[in-house]
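Peer 1: Below is a structure I'd like to ask you about.
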Amino acid sequence: MKRVESPSKDRDSSRTPKYRKGADRISVDSNVNEKVSDISDDITHDDSSIVQIETIRFALLTDEEFLQKYRMSRKSFAKVLERIQHHSVFQKRRTHGRKHPPVFLQLLAFLEYIGTEGGSVASDTKQRNTVSLGHDDTFEKDRKRVMGAILSLRDQYLQWPDGEEREKIASEIHQLYGFPDCVGIADGTHFPLAHKPRSSDAFAYSTRKHRYSFNTMVVCDHNKKIRSYLCGYPGSATDYRVFQAMELSQDAASHFSPNQYLVGDSAFENHWFMVPAFKKFPRKQVPEDKQKFNSKLSKLRPVSDHCIGSLKGRFPWLRRIPLRITEDVGSIVTILRVVDATVVLHNMLIEFGEEEQEDWINFDEFSDIDEADKAPFVDFEIDDELIKGRPKWKPKRTRRWELLQYFKGIFFRNE
């Protein structure tokens, strides 16, 4: 059956309301523009003058304007800059042509790029002004340098916790949510594409919710720090398929102690290292004890929604990726490098103590949460049987069954 495309809409009308280009962003820069115009009347428009103008613009922004424009506080920006500015990629000197802009301006330009839904703002007069560092091809080179410097910090800020840290995470999750030995939450999300892929497998990127997208699996801890993720699968791939492809699934023994596990929604399959919610089948009533289990789980699962919502809210580029997929595999690699840089920055900001901006989060994107009353938390000691390692010969559902029995004895017996 021939697919009927929906009527074309104005470019801004399809964007997330909070990140639609309009008067809200004009107001951020209107006063700054007037001041810059007054100061720069006598500056000739060569490379050095551009640097002077943008340096002035940067200095005149208020803290709130800076936060909205560059998606982090000035304090966190200084910390990011401190960690990348001496990277060798910025030390190369050009013998002719345009000089590289100062590192802080290159970083500002990159942050504004990933902080804008749709990426490029140069062609839209309603959009807040960008840091102008040259032509598109020149900016792309600056962007690659910044990404290279940020990604050099990947092993420092994006890594699976070792045994000692997992024990600490498990202890804190236990105290906060009552789940013993849980070391993280897994959840899937889509990163929509602004353009239809120009590739033979374009149909695979099509989904029900988005015209075209990447399906991405994220595993975070209780502090909303991303511990592992996998992006690159087309939007039609299921969450479970992407989760299976992750290294932590294929080599679980190296990532989990025998008693440790992740939690997730009902889309996941039971395993010794994965405890999903109980499925709700059509025209079938979920037993009361399983409803209560899902309610207990619903206290922990929203952490992943907030993690993903914070990532996409801080870096709206992920809500409408402007780069197009082609037959050249390099087009996908380029997108994935930008995604990787946003994840590294997300974790850096968490470690810096950057405040979460709830007004940037689109709560409509959150996963469905069980509506039953949430099970109360009580202080308790972990049952000896529960902390034993799970023999591989036991059924995959064993871990969830043991947790259910455990919660029935601790939480549900007096209800």
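A note on labels: chains of the structure tokens are A, B, ... as shown, every chain counts residues from 1, and ligands are counted from 1 in their shown order.
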Find the residues near segment 338-351 of chain A: any atom within 7 Å, counting only C-alpha atoms, skip ones fewer than 3 places away on the same chain, and give them as a ChimeraX atom specification.
Peer 2: /A:76,147,150-151,154,157-158,225-226,311,315,334-335,354
Peer 1: Export, as a PDB file, in the first residue's frame, the selected residues with N, CA, C and O atoms.
Peer 2:
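And here's out30.pdb as it stands now:
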```
ATOM      1  N   SER A  76      29.970  26.115  35.043  1.00  0.00           N
ATOM      2  CA  SER A  76      30.191  24.816  34.404  1.00  0.00           C
ATOM      3  C   SER A  76      30.906  24.978  33.074  1.00  0.00           C
ATOM      4  O   SER A  76      31.747  24.147  32.701  1.00  0.00           O
ATOM      5  N   MET A 147      34.429  18.647  19.316  1.00  0.00           N
ATOM      6  CA  MET A 147      33.956  17.283  19.586  1.00  0.00           C
ATOM      7  C   MET A 147      35.117  16.352  19.899  1.00  0.00           C
ATOM      8  O   MET A 147      35.034  15.524  20.809  1.00  0.00           O
ATOM      9  N   ILE A 150      36.191  16.984  23.449  1.00  0.00           N
ATOM     10  CA  ILE A 150      35.215  16.475  24.421  1.00  0.00           C
ATOM     11  C   ILE A 150      35.250  14.954  24.471  1.00  0.00           C
ATOM     12  O   ILE A 150      35.242  14.348  25.549  1.00  0.00           O
ATOM     13  N   LEU A 151      35.327  14.324  23.297  1.00  0.00           N
ATOM     14  CA  LEU A 151      35.314  12.860  23.260  1.00  0.00           C
ATOM     15  C   LEU A 151      36.595  12.253  23.808  1.00  0.00           C
ATOM     16  O   LEU A 151      36.612  11.077  24.177  1.00  0.00           O
ATOM     17  N   ARG A 154      35.918  10.910  27.183  1.00  0.00           N
ATOM     18  CA  ARG A 154      34.860   9.903  27.272  1.00  0.00           C
ATOM     19  C   ARG A 154      35.136   8.852  28.346  1.00  0.00           C
ATOM     20  O   ARG A 154      34.263   8.527  29.151  1.00  0.00           O
ATOM     21  N   TYR A 157      34.407  10.235  31.849  1.00  0.00           N
ATOM     22  CA  TYR A 157      33.056  10.627  32.262  1.00  0.00           C
ATOM     23  C   TYR A 157      31.950   9.682  31.816  1.00  0.00           C
ATOM     24  O   TYR A 157      30.814   9.822  32.267  1.00  0.00           O
ATOM     25  N   LEU A 158      32.265   8.739  30.950  1.00  0.00           N
ATOM     26  CA  LEU A 158      31.241   7.797  30.494  1.00  0.00           C
ATOM     27  C   LEU A 158      31.815   6.391  30.563  1.00  0.00           C
ATOM     28  O   LEU A 158      32.461   5.913  29.636  1.00  0.00           O
ATOM     29  N   LYS A 225      23.025   9.809  35.990  1.00  0.00           N
ATOM     30  CA  LYS A 225      24.251   9.748  35.208  1.00  0.00           C
ATOM     31  C   LYS A 225      24.168   8.556  34.269  1.00  0.00           C
ATOM     32  O   LYS A 225      23.823   7.449  34.690  1.00  0.00           O
ATOM     33  N   ILE A 226      24.460   8.782  33.000  1.00  0.00           N
ATOM     34  CA  ILE A 226      24.387   7.713  32.004  1.00  0.00           C
ATOM     35  C   ILE A 226      25.608   6.820  32.151  1.00  0.00           C
ATOM     36  O   ILE A 226      26.752   7.278  32.031  1.00  0.00           O
ATOM     37  N   LEU A 311      18.689  15.141  29.269  1.00  0.00           N
ATOM     38  CA  LEU A 311      19.642  15.099  28.153  1.00  0.00           C
ATOM     39  C   LEU A 311      19.064  15.796  26.924  1.00  0.00           C
ATOM     40  O   LEU A 311      19.713  16.657  26.315  1.00  0.00           O
ATOM     41  N   PHE A 315      20.067  19.606  25.496  1.00  0.00           N
ATOM     42  CA  PHE A 315      20.644  19.625  24.148  1.00  0.00           C
ATOM     43  C   PHE A 315      19.544  19.307  23.129  1.00  0.00           C
ATOM     44  O   PHE A 315      19.441  18.172  22.646  1.00  0.00           O
ATOM     45  N   THR A 334      29.074  10.582  11.792  1.00  0.00           N
ATOM     46  CA  THR A 334      29.083  11.994  12.178  1.00  0.00           C
ATOM     47  C   THR A 334      27.994  12.299  13.195  1.00  0.00           C
ATOM     48  O   THR A 334      28.228  12.980  14.199  1.00  0.00           O
ATOM     49  N   ILE A 335      26.787  11.775  12.955  1.00  0.00           N
ATOM     50  CA  ILE A 335      25.677  11.977  13.884  1.00  0.00           C
ATOM     51  C   ILE A 335      25.999  11.358  15.241  1.00  0.00           C
ATOM     52  O   ILE A 335      25.791  11.968  16.295  1.00  0.00           O
ATOM     53  N   GLU A 354      25.763  20.705  38.220  1.00  0.00           N
ATOM     54  CA  GLU A 354      24.907  21.634  37.472  1.00  0.00           C
ATOM     55  C   GLU A 354      23.439  21.360  37.788  1.00  0.00           C
ATOM     56  O   GLU A 354      22.984  20.217  37.804  1.00  0.00           O
TER      57      GLU A 354
END
```
Peer 1: Neighbouring residues of Phe363 of chain A were defined as those with any atom within 9 Å, considering only C-alpha atoms; residues of the same chain fewer than 4 positions away were excluded. Please report them as a list in words.
Peer 2: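 Once the nearby chain positions are removed, what remains is Asp305, His306 and Gly309 of chain A.
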Peer 1: Report as a VMD selection string all protein, DNA and RNA residues lying within 12 Å of segment 244-254 of chain A, evaluated on only C-alpha atoms, omitting residues in the same chain fewer than 3 positions from it.
Peer 2: chain A and resid 159 to 163 184 186 216 to 219 227 to 233 237 to 241 257 to 262 267 to 274 389 to 392
Peer 1: Work out how far apart atom CA of Arg337 of chain A and atom CA of Asp63 of chain A are and give it in Å to one decimal.
Peer 2: 29.0 Å
Peer 1: Env of Ser304 of chain A: 7 Å cut, atoms = only C-alpha atoms, seq-sep filter 2 positions within chain, self excluded. Answer as a PDB file with N, CA and C atoms, in the first residue's frame.
Peer 2:
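Final file, around-v5.pdb:
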```
ATOM      1  N   ILE A 185      18.939   1.652  35.843  1.00  0.00           N
ATOM      2  CA  ILE A 185      17.642   1.614  35.187  1.00  0.00           C
ATOM      3  C   ILE A 185      17.874   1.701  33.682  1.00  0.00           C
ATOM      4  N   ALA A 186      17.216   0.829  32.939  1.00  0.00           N
ATOM      5  CA  ALA A 186      17.342   0.826  31.478  1.00  0.00           C
ATOM      6  C   ALA A 186      16.055   1.348  30.849  1.00  0.00           C
ATOM      7  N   ASP A 187      16.200   2.132  29.797  1.00  0.00           N
ATOM      8  CA  ASP A 187      15.037   2.667  29.106  1.00  0.00           C
ATOM      9  C   ASP A 187      15.435   3.059  27.688  1.00  0.00           C
ATOM     10  N   CYS A 220      21.060   4.277  33.113  1.00  0.00           N
ATOM     11  CA  CYS A 220      21.547   5.313  34.024  1.00  0.00           C
ATOM     12  C   CYS A 220      21.502   4.818  35.461  1.00  0.00           C
ATOM     13  N   LYS A 224      20.973   9.920  37.742  1.00  0.00           N
ATOM     14  CA  LYS A 224      20.696  10.303  36.351  1.00  0.00           C
ATOM     15  C   LYS A 224      21.965  10.419  35.511  1.00  0.00           C
ATOM     16  N   ARG A 301      11.622   3.646  38.289  1.00  0.00           N
ATOM     17  CA  ARG A 301      11.733   3.793  36.837  1.00  0.00           C
ATOM     18  C   ARG A 301      11.729   5.234  36.329  1.00  0.00           C
ATOM     19  N   PRO A 302      10.970   6.160  36.930  1.00  0.00           N
ATOM     20  CA  PRO A 302      10.972   7.538  36.419  1.00  0.00           C
ATOM     21  C   PRO A 302      12.338   8.221  36.430  1.00  0.00           C
ATOM     22  N   HIS A 306      13.609  11.039  33.689  1.00  0.00           N
ATOM     23  CA  HIS A 306      14.211  12.337  33.994  1.00  0.00           C
ATOM     24  C   HIS A 306      15.609  12.453  33.390  1.00  0.00           C
ATOM     25  N   CYS A 307      16.356  11.376  33.411  1.00  0.00           N
ATOM     26  CA  CYS A 307      17.696  11.377  32.822  1.00  0.00           C
ATOM     27  C   CYS A 307      17.624  11.686  31.330  1.00  0.00           C
ATOM     28  N   ILE A 308      16.787  10.948  30.615  1.00  0.00           N
ATOM     29  CA  ILE A 308      16.663  11.145  29.171  1.00  0.00           C
ATOM     30  C   ILE A 308      16.042  12.505  28.874  1.00  0.00           C
TER      31      ILE A 308
END
```
Peer 1: Determine which residues of segment 106-272 of chain A receive a DSSP assignment of alpha helix (DSSP H), computed from the backbone, and state them as a ChimeraX atom specification.
Peer 2: /A:106-114,136-151,154-157,163-177,239-245,247-250
Peer 1: Mind checking which residues fall within 12 Å of Glu82 of chain A, counting only C-alpha atoms, ignoring those fewer than 5 positions away in the same chain, and posting them as a PyMOL selection string?
Peer 2: chain A and resi 75-77+87+103-104+107+149-150
Peer 1: Contacts of His210 of chain A at 9 Å or less, counting only C-alpha atoms, minus same-chain residues fewer than 6 places along, as a PyMOL selection string?
Peer 2: chain A and resi 190-193+235
Peer 1: Which distance in Å separates atom CA of Tyr70 of chain A and atom CA of Thr138 of chain A, to one decimal?
Peer 2: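 Atom-to-atom, atom CA of Tyr70 of chain A to atom CA of Thr138 of chain A, that is 20.1 Å.
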Peer 1: Taking the DSSP assignment computed from this structure's backbone, write out as a PDB file with C-alpha atoms, in the first residue's frame all residues of segment 110-286 of chain A that belong to strand (DSSP E or B).
Peer 2:
```pdb
ATOM      1  CA  CYS A 182      19.868  -2.905  41.756  1.00  0.00           C
ATOM      2  CA  VAL A 183      22.647  -1.000  39.930  1.00  0.00           C
ATOM      3  CA  GLY A 184      20.715   0.930  37.293  1.00  0.00           C
ATOM      4  CA  ILE A 185      17.642   1.614  35.187  1.00  0.00           C
ATOM      5  CA  ALA A 186      17.342   0.826  31.478  1.00  0.00           C
ATOM      6  CA  ASP A 187      15.037   2.667  29.106  1.00  0.00           C
ATOM      7  CA  GLY A 188      14.707   3.350  25.406  1.00  0.00           C
ATOM      8  CA  THR A 189      14.170   6.657  23.634  1.00  0.00           C
ATOM      9  CA  HIS A 190      14.036   8.007  20.097  1.00  0.00           C
ATOM     10  CA  PHE A 191      16.204  10.735  18.612  1.00  0.00           C
ATOM     11  CA  PRO A 192      14.084  12.067  15.701  1.00  0.00           C
ATOM     12  CA  LEU A 193      15.679  12.934  12.364  1.00  0.00           C
ATOM     13  CA  ARG A 198      18.682   9.184   1.505  1.00  0.00           C
ATOM     14  CA  SER A 213      14.498   8.399  14.098  1.00  0.00           C
ATOM     15  CA  PHE A 214      17.250   6.501  15.865  1.00  0.00           C
ATOM     16  CA  ASN A 215      16.199   4.156  18.665  1.00  0.00           C
ATOM     17  CA  THR A 216      18.570   4.534  21.581  1.00  0.00           C
ATOM     18  CA  MET A 217      18.959   2.502  24.755  1.00  0.00           C
ATOM     19  CA  VAL A 218      20.112   4.317  27.889  1.00  0.00           C
ATOM     20  CA  VAL A 219      21.209   2.804  31.207  1.00  0.00           C
ATOM     21  CA  CYS A 220      21.547   5.313  34.024  1.00  0.00           C
ATOM     22  CA  ILE A 226      24.387   7.713  32.004  1.00  0.00           C
ATOM     23  CA  ARG A 227      26.459   4.597  32.612  1.00  0.00           C
ATOM     24  CA  SER A 228      26.033   2.970  29.216  1.00  0.00           C
ATOM     25  CA  TYR A 229      24.062   3.666  26.066  1.00  0.00           C
ATOM     26  CA  LEU A 230      23.718   2.441  22.501  1.00  0.00           C
ATOM     27  CA  CYS A 231      22.614   4.658  19.628  1.00  0.00           C
ATOM     28  CA  GLY A 232      22.580   3.874  15.909  1.00  0.00           C
ATOM     29  CA  TYR A 233      19.750   1.396  15.480  1.00  0.00           C
ATOM     30  CA  PRO A 234      16.928   2.613  13.196  1.00  0.00           C
ATOM     31  CA  TYR A 261      20.611  -6.394  38.050  1.00  0.00           C
ATOM     32  CA  LEU A 262      18.932  -3.546  36.170  1.00  0.00           C
ATOM     33  CA  VAL A 263      15.245  -2.683  36.159  1.00  0.00           C
ATOM     34  CA  GLY A 264      13.129  -1.695  33.172  1.00  0.00           C
ATOM     35  CA  HIS A 271      17.015 -12.285  32.814  1.00  0.00           C
ATOM     36  CA  MET A 274      17.275  -7.605  34.128  1.00  0.00           C
ATOM     37  CA  VAL A 275      14.080  -7.273  36.161  1.00  0.00           C
ATOM     38  CA  PRO A 276      11.226  -5.819  34.074  1.00  0.00           C
TER      39      PRO A 276
END
```
Peer 1: Using only C-alpha atoms, which of the listed residues (A:Ser171, A:Ser310, A:Gln106, A:Ser298) sits closest to Asp359 of chain A?
Peer 2: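 Distance minimum relative to Asp359 of chain A lands on A:Ser310.
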